[in-house]
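S.K.: Got a file for you: structure_4.cif, mmCIF, C-alpha atoms and all ligand atoms.
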```cif
data_query
loop_
_atom_site.group_PDB
_atom_site.id
_atom_site.type_symbol
_atom_site.label_atom_id
_atom_site.label_comp_id
_atom_site.auth_asym_id
_atom_site.auth_seq_id
_atom_site.Cartn_x
_atom_site.Cartn_y
_atom_site.Cartn_z
ATOM 1 C CA MET A 1 29.122 -0.071 22.550
ATOM 2 C CA ASP A 2 27.797 2.807 20.460
ATOM 3 C CA ARG A 3 24.765 4.796 21.540
ATOM 4 C CA PHE A 4 22.371 2.743 19.375
ATOM 5 C CA SER A 5 23.494 -0.704 20.385
ATOM 6 C CA GLU A 6 21.145 -1.269 23.308
ATOM 7 C CA PRO A 7 19.804 -4.800 23.176
ATOM 8 C CA GLU A 8 16.082 -4.302 24.048
ATOM 9 C CA GLY A 9 14.694 -4.331 20.547
ATOM 10 C CA MET A 10 14.372 -2.406 17.323
ATOM 11 C CA HIS A 11 13.983 1.367 17.271
ATOM 12 C CA HIS A 12 10.404 1.584 16.001
ATOM 13 C CA GLU A 13 9.104 5.138 16.345
ATOM 14 C CA GLY A 14 5.426 6.066 16.456
ATOM 15 C CA TYR A 15 2.535 4.087 15.052
ATOM 16 C CA CYS A 16 3.869 1.476 12.633
ATOM 17 C CA ILE A 17 1.912 0.481 9.541
ATOM 18 C CA ARG A 18 2.571 -2.455 7.223
ATOM 19 C CA PRO A 19 0.521 -4.313 4.598
ATOM 20 C CA PRO A 20 -1.506 -7.287 5.943
ATOM 21 C CA SER A 21 0.598 -9.633 3.796
ATOM 22 C CA GLU A 22 3.731 -8.538 5.683
ATOM 23 C CA ALA A 23 2.349 -9.649 9.060
ATOM 24 C CA ASP A 24 5.156 -12.172 9.584
ATOM 25 C CA SER A 25 7.960 -10.075 8.134
ATOM 26 C CA ILE A 26 10.793 -8.425 10.008
ATOM 27 C CA LEU A 27 9.791 -4.747 10.207
ATOM 28 C CA LEU A 28 12.797 -2.527 9.641
ATOM 29 C CA GLN A 29 11.958 1.153 9.978
ATOM 30 C CA VAL A 30 14.213 3.114 7.650
ATOM 31 C CA THR A 31 12.101 6.258 7.217
ATOM 32 C CA LEU A 32 9.606 8.070 9.377
ATOM 33 C CA GLY A 33 6.283 9.049 7.841
ATOM 34 C CA CYS A 34 5.549 9.683 4.180
ATOM 35 C CA SER A 35 7.340 12.199 1.972
ATOM 36 C CA HIS A 36 4.075 13.061 0.194
ATOM 37 C CA ASN A 37 1.725 13.242 3.189
ATOM 38 C CA ARG A 38 -0.908 15.250 1.288
ATOM 39 C CA CYS A 39 -3.630 12.710 0.468
ATOM 40 C CA THR A 40 -6.841 14.110 1.910
ATOM 41 C CA PHE A 41 -8.139 10.776 3.242
ATOM 42 C CA CYS A 42 -4.908 9.614 4.853
ATOM 43 C CA GLY A 43 -4.188 9.950 8.543
ATOM 44 C CA SER A 44 -1.480 7.287 8.591
ATOM 45 C CA TYR A 45 1.472 9.535 9.300
ATOM 46 C CA ALA A 46 -0.175 12.695 10.585
ATOM 47 C CA ASP A 47 1.983 12.473 13.702
ATOM 48 C CA LYS A 48 5.287 12.146 11.844
ATOM 49 C CA ARG A 49 7.476 14.567 9.971
ATOM 50 C CA PHE A 50 9.173 12.738 7.129
ATOM 51 C CA ARG A 51 12.821 11.851 7.559
ATOM 52 C CA ILE A 52 15.241 9.110 6.698
ATOM 53 C CA LYS A 53 16.592 7.357 9.764
ATOM 54 C CA GLU A 54 20.251 7.396 10.670
ATOM 55 C CA GLU A 55 22.487 4.639 9.375
ATOM 56 C CA ALA A 56 23.674 3.848 12.906
ATOM 57 C CA ILE A 57 20.089 3.138 14.044
ATOM 58 C CA ILE A 58 19.374 0.969 11.005
ATOM 59 C CA GLU A 59 22.595 -0.966 11.520
ATOM 60 C CA SER A 60 21.778 -1.460 15.198
ATOM 61 C CA ASP A 61 18.276 -2.738 14.360
ATOM 62 C CA LEU A 62 19.732 -5.157 11.840
ATOM 63 C CA ARG A 63 22.187 -6.469 14.409
ATOM 64 C CA TRP A 64 19.298 -7.016 16.834
ATOM 65 C CA ALA A 65 17.242 -8.743 14.118
ATOM 66 C CA ALA A 66 20.227 -10.949 13.257
ATOM 67 C CA ARG A 67 20.309 -12.133 16.869
ATOM 68 C CA HIS A 68 16.581 -12.626 17.374
ATOM 69 C CA LEU A 69 14.906 -13.013 13.967
ATOM 70 C CA ALA A 70 17.546 -14.748 11.878
ATOM 71 C CA ALA A 71 15.161 -17.499 10.739
ATOM 72 C CA GLU A 72 12.713 -15.091 9.039
ATOM 73 C CA ASP A 73 12.830 -14.910 5.263
ATOM 74 C CA ARG A 74 10.845 -11.730 4.636
ATOM 75 C CA LEU A 75 11.523 -8.162 5.612
ATOM 76 C CA PHE A 76 9.436 -5.030 5.179
ATOM 77 C CA LEU A 77 10.938 -1.551 5.057
ATOM 78 C CA MET A 78 8.805 0.976 6.937
ATOM 79 C CA ASP A 79 7.438 3.721 6.913
ATOM 80 C CA GLY A 80 5.399 5.337 4.174
ATOM 81 C CA ASP A 81 7.596 5.275 1.112
ATOM 82 C CA ALA A 82 10.996 3.806 1.777
ATOM 83 C CA LEU A 83 11.666 3.844 -1.961
ATOM 84 C CA ILE A 84 12.136 7.626 -1.770
ATOM 85 C CA ILE A 85 15.489 7.036 -0.041
ATOM 86 C CA PRO A 86 18.343 8.103 -2.348
ATOM 87 C CA GLN A 87 19.700 5.167 -4.321
ATOM 88 C CA LYS A 88 23.123 5.038 -2.680
ATOM 89 C CA ARG A 89 21.654 4.872 0.815
ATOM 90 C CA LEU A 90 18.992 2.351 -0.235
ATOM 91 C CA LEU A 91 21.615 0.079 -1.774
ATOM 92 C CA TRP A 92 23.590 0.343 1.449
ATOM 93 C CA ILE A 93 20.482 -0.728 3.426
ATOM 94 C CA LEU A 94 19.806 -3.724 1.165
ATOM 95 C CA GLU A 95 23.460 -4.781 1.339
ATOM 96 C CA ARG A 96 23.396 -4.589 5.155
ATOM 97 C CA ILE A 97 20.221 -6.728 5.163
ATOM 98 C CA ARG A 98 22.043 -9.360 3.062
ATOM 99 C CA GLU A 99 24.985 -9.270 5.404
ATOM 100 C CA HIS A 100 23.044 -9.498 8.679
ATOM 101 C CA LEU A 101 20.029 -11.533 7.544
ATOM 102 C CA PRO A 102 21.142 -13.873 4.765
ATOM 103 C CA ARG A 103 17.906 -15.881 4.968
ATOM 104 C CA VAL A 104 15.782 -12.931 3.877
ATOM 105 C CA ASN A 105 14.735 -13.624 0.298
ATOM 106 C CA ARG A 106 12.097 -10.953 -0.174
ATOM 107 C CA ILE A 107 12.210 -7.326 0.846
ATOM 108 C CA GLY A 108 9.072 -5.216 0.522
ATOM 109 C CA ALA A 109 8.336 -1.508 0.827
ATOM 110 C CA TYR A 110 5.606 1.031 0.282
ATOM 111 C CA ALA A 111 6.196 3.276 -2.714
ATOM 112 C CA ASN A 112 4.369 6.193 -4.249
ATOM 113 C CA VAL A 113 4.306 7.544 -7.779
ATOM 114 C CA LYS A 114 6.977 10.137 -7.030
ATOM 115 C CA SER A 115 9.389 7.699 -5.411
ATOM 116 C CA ILE A 116 9.054 5.210 -8.277
ATOM 117 C CA ARG A 117 9.422 7.892 -10.965
ATOM 118 C CA LYS A 118 12.612 9.152 -9.324
ATOM 119 C CA LYS A 119 14.311 5.792 -9.948
ATOM 120 C CA THR A 120 15.732 4.895 -13.344
ATOM 121 C CA PRO A 121 15.077 1.407 -14.769
ATOM 122 C CA GLU A 122 18.707 0.555 -13.967
ATOM 123 C CA GLU A 123 18.303 1.695 -10.366
ATOM 124 C CA LEU A 124 15.148 -0.397 -9.896
ATOM 125 C CA ALA A 125 16.946 -3.387 -11.420
ATOM 126 C CA ALA A 126 19.839 -2.913 -8.984
ATOM 127 C CA LEU A 127 17.404 -2.866 -6.058
ATOM 128 C CA ARG A 128 15.711 -5.980 -7.423
ATOM 129 C CA ALA A 129 19.080 -7.726 -7.646
ATOM 130 C CA LEU A 130 19.653 -6.982 -3.956
ATOM 131 C CA GLY A 131 16.345 -8.482 -2.873
ATOM 132 C CA LEU A 132 13.669 -5.807 -3.310
ATOM 133 C CA GLY A 133 10.904 -8.197 -4.327
ATOM 134 C CA ILE A 134 7.634 -6.341 -3.864
ATOM 135 C CA LEU A 135 6.408 -2.747 -3.832
ATOM 136 C CA TYR A 136 3.049 -1.614 -2.479
ATOM 137 C CA LEU A 137 1.546 1.347 -4.301
ATOM 138 C CA GLY A 138 -1.582 3.296 -3.350
ATOM 139 C CA VAL A 139 -3.377 3.805 -6.657
ATOM 140 C CA GLU A 140 -6.735 4.708 -5.038
ATOM 141 C CA THR A 141 -8.483 5.710 -8.279
ATOM 142 C CA GLY A 142 -7.986 5.943 -12.012
ATOM 143 C CA ASP A 143 -10.190 9.016 -12.285
ATOM 144 C CA ASP A 144 -8.152 12.199 -12.724
ATOM 145 C CA THR A 145 -10.790 14.512 -11.243
ATOM 146 C CA VAL A 146 -10.872 12.397 -8.106
ATOM 147 C CA ARG A 147 -7.066 12.060 -8.021
ATOM 148 C CA GLU A 148 -6.807 15.834 -8.057
ATOM 149 C CA ALA A 149 -9.487 16.229 -5.379
ATOM 150 C CA ILE A 150 -7.816 13.796 -2.992
ATOM 151 C CA GLY A 151 -4.316 15.231 -3.437
ATOM 152 C CA LYS A 152 -2.624 12.206 -5.030
ATOM 153 C CA GLY A 153 -0.230 14.558 -6.794
ATOM 154 C CA SER A 154 -0.209 12.680 -10.120
ATOM 155 C CA THR A 155 -2.488 11.814 -13.010
ATOM 156 C CA ALA A 156 -3.682 8.305 -13.786
ATOM 157 C CA ALA A 157 -1.342 8.252 -16.817
ATOM 158 C CA VAL A 158 1.698 9.011 -14.665
ATOM 159 C CA CYS A 159 0.554 6.489 -12.067
ATOM 160 C CA LEU A 160 0.267 3.906 -14.855
ATOM 161 C CA GLU A 161 3.827 4.640 -15.967
ATOM 162 C CA ALA A 162 5.069 4.196 -12.397
ATOM 163 C CA GLY A 163 3.324 0.832 -12.110
ATOM 164 C CA ARG A 164 4.783 -0.287 -15.418
ATOM 165 C CA GLN A 165 8.280 0.719 -14.290
ATOM 166 C CA VAL A 166 7.966 -1.578 -11.276
ATOM 167 C CA LYS A 167 6.740 -4.465 -13.416
ATOM 168 C CA ALA A 168 9.486 -3.903 -15.985
ATOM 169 C CA ALA A 169 12.065 -4.284 -13.204
ATOM 170 C CA GLU A 170 10.455 -7.643 -12.333
ATOM 171 C CA ILE A 171 9.505 -6.393 -8.887
ATOM 172 C CA LYS A 172 6.097 -7.649 -7.767
ATOM 173 C CA LEU A 173 3.500 -4.912 -7.684
ATOM 174 C CA SER A 174 0.714 -4.809 -5.121
ATOM 175 C CA VAL A 175 -1.690 -1.882 -5.351
ATOM 176 C CA THR A 176 -4.600 -0.600 -3.307
ATOM 177 C CA VAL A 177 -7.695 1.112 -4.648
ATOM 178 C CA LEU A 178 -10.326 2.852 -2.553
ATOM 179 C CA LEU A 179 -14.027 2.082 -2.688
ATOM 180 C CA GLY A 180 -16.081 5.143 -1.871
ATOM 181 C CA ILE A 181 -13.295 7.684 -2.433
ATOM 182 C CA ALA A 182 -15.173 9.441 -5.265
ATOM 183 C CA GLY A 183 -18.262 9.969 -3.132
ATOM 184 C CA ARG A 184 -21.777 9.066 -4.232
ATOM 185 C CA GLU A 185 -22.056 11.085 -7.438
ATOM 186 C CA ALA A 186 -18.854 9.947 -9.134
ATOM 187 C CA SER A 187 -18.882 6.403 -7.730
ATOM 188 C CA LEU A 188 -19.383 4.419 -10.936
ATOM 189 C CA ARG A 189 -17.196 6.715 -13.038
ATOM 190 C CA HIS A 190 -14.379 6.174 -10.514
ATOM 191 C CA ALA A 191 -15.029 2.412 -10.585
ATOM 192 C CA ARG A 192 -14.750 2.222 -14.380
ATOM 193 C CA ALA A 193 -11.666 4.427 -14.610
ATOM 194 C CA THR A 194 -9.992 2.473 -11.822
ATOM 195 C CA GLY A 195 -10.757 -0.883 -13.431
ATOM 196 C CA GLU A 196 -9.323 0.417 -16.694
ATOM 197 C CA LEU A 197 -6.178 1.705 -14.987
ATOM 198 C CA LEU A 198 -5.703 -1.612 -13.206
ATOM 199 C CA SER A 199 -6.108 -3.516 -16.474
ATOM 200 C CA ALA A 200 -3.497 -1.336 -18.169
ATOM 201 C CA MET A 201 -1.088 -1.509 -15.217
ATOM 202 C CA ASP A 202 -1.595 -5.249 -14.698
ATOM 203 C CA PRO A 203 -0.365 -5.509 -11.081
ATOM 204 C CA ASP A 204 0.163 -8.845 -9.354
ATOM 205 C CA PHE A 205 -2.175 -7.998 -6.485
ATOM 206 C CA VAL A 206 -5.010 -5.522 -6.040
ATOM 207 C CA GLY A 207 -6.498 -4.746 -2.657
ATOM 208 C CA ALA A 208 -9.785 -2.834 -2.783
ATOM 209 C CA LEU A 209 -10.358 -1.152 0.571
ATOM 210 C CA THR A 210 -13.417 0.778 1.609
ATOM 211 C CA VAL A 211 -12.422 4.331 2.463
ATOM 212 C CA MET A 212 -12.524 5.041 6.185
ATOM 213 C CA LEU A 213 -13.198 8.592 7.363
ATOM 214 C CA ILE A 214 -10.444 9.464 9.794
ATOM 215 C CA PRO A 215 -10.983 12.419 12.136
ATOM 216 C CA GLY A 216 -8.477 15.200 11.485
ATOM 217 C CA THR A 217 -8.166 14.538 7.748
ATOM 218 C CA PRO A 218 -9.489 17.003 5.123
ATOM 219 C CA LEU A 219 -11.807 14.305 3.755
ATOM 220 C CA TYR A 220 -13.360 13.852 7.183
ATOM 221 C CA GLU A 221 -14.035 17.605 7.388
ATOM 222 C CA ASP A 222 -15.616 17.528 3.911
ATOM 223 C CA TRP A 223 -17.838 14.660 5.025
ATOM 224 C CA ARG A 224 -18.842 16.456 8.245
ATOM 225 C CA SER A 225 -19.757 19.592 6.349
ATOM 226 C CA GLY A 226 -21.717 17.629 3.736
ATOM 227 C CA ARG A 227 -19.359 18.401 0.845
ATOM 228 C CA PHE A 228 -18.464 14.729 0.599
ATOM 229 C CA VAL A 229 -21.138 12.029 0.709
ATOM 230 C CA LEU A 230 -20.172 8.384 0.977
ATOM 231 C CA PRO A 231 -22.075 5.799 -1.052
ATOM 232 C CA ASP A 232 -24.223 3.570 1.167
ATOM 233 C CA GLU A 233 -23.705 -0.210 1.482
ATOM 234 C CA VAL A 234 -25.497 -0.975 -1.759
ATOM 235 C CA GLY A 235 -23.684 1.859 -3.534
ATOM 236 C CA MET A 236 -20.333 0.489 -2.364
ATOM 237 C CA LEU A 237 -21.204 -2.951 -3.676
ATOM 238 C CA LYS A 238 -22.295 -1.566 -7.032
ATOM 239 C CA GLU A 239 -19.015 0.340 -7.189
ATOM 240 C CA LEU A 240 -17.042 -2.824 -6.448
ATOM 241 C CA ARG A 241 -19.041 -4.679 -9.086
ATOM 242 C CA GLU A 242 -18.363 -2.013 -11.711
ATOM 243 C CA MET A 243 -14.656 -1.976 -10.858
ATOM 244 C CA ILE A 244 -14.285 -5.743 -11.162
ATOM 245 C CA ALA A 245 -16.320 -5.725 -14.387
ATOM 246 C CA HIS A 246 -13.766 -3.295 -15.862
ATOM 247 C CA THR A 247 -10.685 -5.069 -14.504
ATOM 248 C CA ASP A 248 -8.785 -7.692 -16.424
ATOM 249 C CA LEU A 249 -5.379 -8.838 -15.198
ATOM 250 C CA SER A 250 -3.135 -11.191 -17.143
ATOM 251 C CA ARG A 251 -2.266 -13.075 -13.936
ATOM 252 C CA GLY A 252 -3.095 -11.728 -10.526
ATOM 253 C CA TYR A 253 -5.438 -11.468 -7.600
ATOM 254 C CA PHE A 254 -8.044 -8.875 -6.748
ATOM 255 C CA PHE A 255 -8.963 -8.896 -3.082
ATOM 256 C CA ALA A 256 -11.741 -6.964 -1.471
ATOM 257 C CA ASN A 257 -11.569 -8.759 1.834
ATOM 258 C CA HIS A 258 -10.078 -6.140 4.112
ATOM 259 C CA ALA A 259 -11.889 -5.656 7.420
ATOM 260 C CA SER A 260 -13.199 -2.335 6.170
ATOM 261 C CA ASN A 261 -15.162 -3.966 3.338
ATOM 262 C CA TYR A 262 -18.834 -4.944 3.438
ATOM 263 C CA LEU A 263 -18.482 -8.162 1.425
ATOM 264 C CA PRO A 264 -15.286 -10.240 1.250
ATOM 265 C CA VAL A 265 -14.430 -10.957 -2.397
ATOM 266 C CA LYS A 266 -11.368 -12.687 -3.867
ATOM 267 C CA VAL A 267 -10.917 -12.817 -7.620
ATOM 268 C CA LYS A 268 -8.231 -14.805 -9.386
ATOM 269 C CA PHE A 269 -7.367 -13.491 -12.844
ATOM 270 C CA PRO A 270 -7.600 -14.544 -15.545
ATOM 271 C CA GLY A 271 -11.061 -16.017 -15.502
ATOM 272 C CA GLY A 272 -12.373 -15.379 -11.988
ATOM 273 C CA GLY A 273 -14.268 -12.184 -12.693
ATOM 274 C CA GLU A 274 -17.626 -13.770 -13.578
ATOM 275 C CA ARG A 275 -17.864 -15.730 -10.334
ATOM 276 C CA ALA A 276 -17.115 -12.623 -8.308
ATOM 277 C CA LEU A 277 -19.743 -10.643 -10.184
ATOM 278 C CA ALA A 278 -22.294 -13.420 -9.522
ATOM 279 C CA LEU A 279 -21.478 -13.276 -5.782
ATOM 280 C CA ILE A 280 -21.913 -9.513 -5.721
ATOM 281 C CA ASP A 281 -25.182 -9.798 -7.655
ATOM 282 C CA ALA A 282 -26.406 -12.329 -5.080
ATOM 283 C CA ALA A 283 -25.487 -9.884 -2.309
ATOM 284 C CA LEU A 284 -27.298 -7.090 -4.135
ATOM 285 C CA ARG A 285 -30.407 -9.308 -4.283
ATOM 286 C CA GLY A 286 -30.098 -9.853 -0.522
ATOM 287 C CA GLU A 287 -29.136 -13.536 -0.806
ATOM 288 C CA VAL A 288 -25.703 -13.075 0.872
ATOM 289 C CA GLY A 289 -25.356 -11.242 4.175
ATOM 290 C CA LEU A 290 -23.231 -8.099 4.382
ATOM 291 C CA LYS A 291 -20.881 -7.359 7.245
ATOM 292 C CA PRO A 292 -22.619 -5.291 9.930
ATOM 293 C CA GLU A 293 -21.275 -1.737 10.371
ATOM 294 C CA TRP A 294 -19.762 -2.372 13.810
ATOM 295 C CA LEU A 295 -17.651 -5.245 12.460
ATOM 296 C CA ARG A 296 -16.166 -3.243 9.594
ATOM 297 C CA ALA A 297 -13.621 -1.396 11.677
ATOM 298 C CA LEU A 298 -12.115 -4.589 13.133
HETATM 299 S S1 LIG B 301 1.107 8.642 -0.384
HETATM 300 FE FE1 LIG B 301 0.174 7.030 0.872
HETATM 301 S S2 LIG B 301 1.024 7.287 2.946
HETATM 302 FE FE2 LIG B 301 1.474 9.161 1.783
HETATM 303 S S3 LIG B 301 -0.209 10.557 2.297
HETATM 304 FE FE3 LIG B 301 -0.798 9.479 0.408
HETATM 305 S S4 LIG B 301 -1.952 7.661 1.091
HETATM 306 FE FE4 LIG B 301 -0.854 8.488 2.897
#
```
Reformat the file's structure so that it appears as structure tokens.
M.R.:
Amino acid sequence: MDRFSEPEGMHHEGYCIRPPSEADSILLQVTLGCSHNRCTFCGSYADKRFRIKEEAIIESDLRWAARHLAAEDRLFLMDGDALIIPQKRLLWILERIREHLPRVNRIGAYANVKSIRKKTPEELAALRALGLGILYLGVETGDDTVREAIGKGSTAAVCLEAGRQVKAAEIKLSVTVLLGIAGREASLRHARATGELLSAMDPDFVGALTVMLIPGTPLYEDWRSGRFVLPDEVGMLKELREMIAHTDLSRGYFFANHASNYLPVKVKFPGGGERALALIDAALRGEVGLKPEWLRAL
């Protein structure tokens, strides 16, 4: 037995985060934290220094999963941006998944603009061929002033290119955007620019989350000191309305039904935008109840 072959379970370190749609997936932790770790609103990996986990640990976790989770067909690579792993090592991981878990037919991972841009089209295609079926990208906003302010580390144009690279490799693209991230003043400008970026990128799934202020983050400090002012409930809804009004996907879903949102909205494109706008208008007229504040964090 090697030192990582203990049978109790997988070696998950720290607080583990995965997209809601990966709730039933095998969670294989191949990195710790996020290599970027500079977004001002994000407290996800504050406790973790980024590193790629050792091959022996990954292999041990796969052996454990093969014994206990062999029937599962989806697997998610944690943590923050597994795509940043150098190609050779990432191919090795995907090959080991095939070997140990032959039933897995879709592998997902978080990505960021940098990790996508580091891969060539051929490298993304090779990952796709070995089962990488979906990437989750935090777009947050299409407004360059806001992108700069929140430390995204790339312009909307570069983010668009990254999204297109994923699509060109025939890997499904799921993106998140953040309601409220531009503050009150720039709310509608952010909504329009984000809708336009989404339309140009044309992802398969969009999740619009309402920004949560997390103690310890720079955004939280800005909010406490009054430098950052969140839109109120009505402002958030108007922002969501403006974003949907400027979004047009060839074939995809726009969800704004995360627990942090005031009004659950699901839009199927093409064609579903008008119904969603009518629902939001009804909510703005007070005809549909909004989620009370205490329920939002659930
Ligand atoms: S890239 Fe994502 S995980 Fe990393 S700091 Fe930004 S929001 Fe957080």
S.K.: Could you please determine the separation between CA of Ile85 (chain A) and CA of Thr120 (chain A) in Å, to one decimal place?
M.R.: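 Value for the CA of Ile85 (chain A)-CA of Thr120 (chain A) distance: 13.5 Å.
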S.K.: Report as an MDAnalysis selection string which protein, DNA and RNA residues come within 10 Å of ligand LIG 301 (chain B), using all atoms listed in the file.
M.R.: chainID A and resid 17 33:46 79:81 110:115 136:140 150:153 176
S.K.: Exactly which residues make up the result of the PyMOL selection byres (((chain A and resi 208-213) around 9) and not hetatm) on this file, given as a PyMOL selection string?
M.R.: chain A and resi 41-42+140+175-181+206-207+214-215+217+219-220+223+230+236+240+254-262+297
S.K.: Enter the distance from CA of Glu221 (chain A) to CA of Arg241 (chain A), in Å, rounded to one decimal.
M.R.: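 Between these atoms lies a distance of 28.2 Å.
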S.K.: Quick one: which residues end up in the PyMOL selection byres (((chain A and resi 283-287) around 12) and not hetatm) for this structure, as a PyMOL selection string?
M.R.: chain A and resi 233-241+262-265+276-282+288-291
S.K.: Between A:Glu8, A:Asp232, A:Glu55, A:Glu99, which is the closest to Thr31 (chain A) once you count all atoms listed in the file?
M.R.: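 Closest residue, counting all atoms listed in the file: A:Glu55.
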S.K.: What box, with edges along x, y and z, holds each listed atom of region 122-137 of chain A when 5 Å is added on every side, and can you state its centre and edge lengths in Å to one decimal, as JSON?
M.R.:
```
{"center_x": 10.7, "center_y": -3.4, "center_z": -8.2, "size_x": 28.3, "size_y": 20.2, "size_z": 21.5}
```
S.K.: Hey, what's within 10 Å of Glu59 (chain A) if we count only C-alpha atoms and toss same-chain stuff fewer than 2 positions away? As a list in words, please?
M.R.: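 Here the qualifying residues turn out to be Phe4, Ser5, Glu54, Glu55, Ala56, Ile57, Asp61, Leu62, Arg63, Trp64, Ala65, Ile93, Arg96, Ile97 and His100 of chain A.
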S.K.: Could those selected residues go to a file with C-alpha atoms, as an mmCIF file, in the frame of the given file?
M.R.:
```
data_model
loop_
_atom_site.group_PDB
_atom_site.id
_atom_site.type_symbol
_atom_site.label_atom_id
_atom_site.label_comp_id
_atom_site.auth_asym_id
_atom_site.auth_seq_id
_atom_site.Cartn_x
_atom_site.Cartn_y
_atom_site.Cartn_z
ATOM 1 C CA PHE A 4 22.371 2.743 19.375
ATOM 2 C CA SER A 5 23.494 -0.704 20.385
ATOM 3 C CA GLU A 54 20.251 7.396 10.670
ATOM 4 C CA GLU A 55 22.487 4.639 9.375
ATOM 5 C CA ALA A 56 23.674 3.848 12.906
ATOM 6 C CA ILE A 57 20.089 3.138 14.044
ATOM 7 C CA ASP A 61 18.276 -2.738 14.360
ATOM 8 C CA LEU A 62 19.732 -5.157 11.840
ATOM 9 C CA ARG A 63 22.187 -6.469 14.409
ATOM 10 C CA TRP A 64 19.298 -7.016 16.834
ATOM 11 C CA ALA A 65 17.242 -8.743 14.118
ATOM 12 C CA ILE A 93 20.482 -0.728 3.426
ATOM 13 C CA ARG A 96 23.396 -4.589 5.155
ATOM 14 C CA ILE A 97 20.221 -6.728 5.163
ATOM 15 C CA HIS A 100 23.044 -9.498 8.679
#
```
